[in-house]
Amino acid sequence: MQGLLILSTTHLREYALTYLPARSRLQDGFLEDVEDLQDSKGNLGREEKLRVVKRMWRNWGKILGWDTIAAEGRRLAV
């Protein structure tokens, strides 16, 4: 499961660097959340990482159109 999370965070980081406005509050905040999810120090357990994902959904879901994608049942292409 950890490998899938690493792959997903890599895709999220690439998405942010490619598609979000460079050095914007949006890009910086999104990348901070991705860093929290990556948790390179190993401080976060499963529950904490789930909270980060929920926070990302709450903070960025509407701005990035995730809510529309989820409502339409489409996959997010990252």
# chains A, B, ... in the order shown; residues from 1 in each chain; ligands from 1
>>> residues_around(residues="Glu14 (chain A)", least_positions_apart="2", cutoff="12 Å", atoms="only C-alpha atoms", output="PyMOL selection string")
chain A and resi 7-12+16-20+27+30-31+34+77-78
>>> residues_around(residues="Lys49 (chain A)", least_positions_apart="5", cutoff="8 Å", atoms="only C-alpha atoms", output="list of chain:residue names")
A:Asp36, A:Leu37, A:Leu44
>>> select_by_dssp(residues="chain A", states="alpha helix (DSSP H)", output="MDAnalysis selection string")
chainID A and resid 2:19 25:38 46:64 66:72
>>> residues_around(residues="Arg55 (chain A)", least_positions_apart="5", cutoff="9 Å", atoms="only C-alpha atoms", output="VMD selection string")
chain A and resid 33 50 60
>>> closest_residue(among="A:Arg13, A:Lys62, A:Arg51, A:Arg23", to="Glu35 (chain A)", atoms="only C-alpha atoms")
A:Arg13
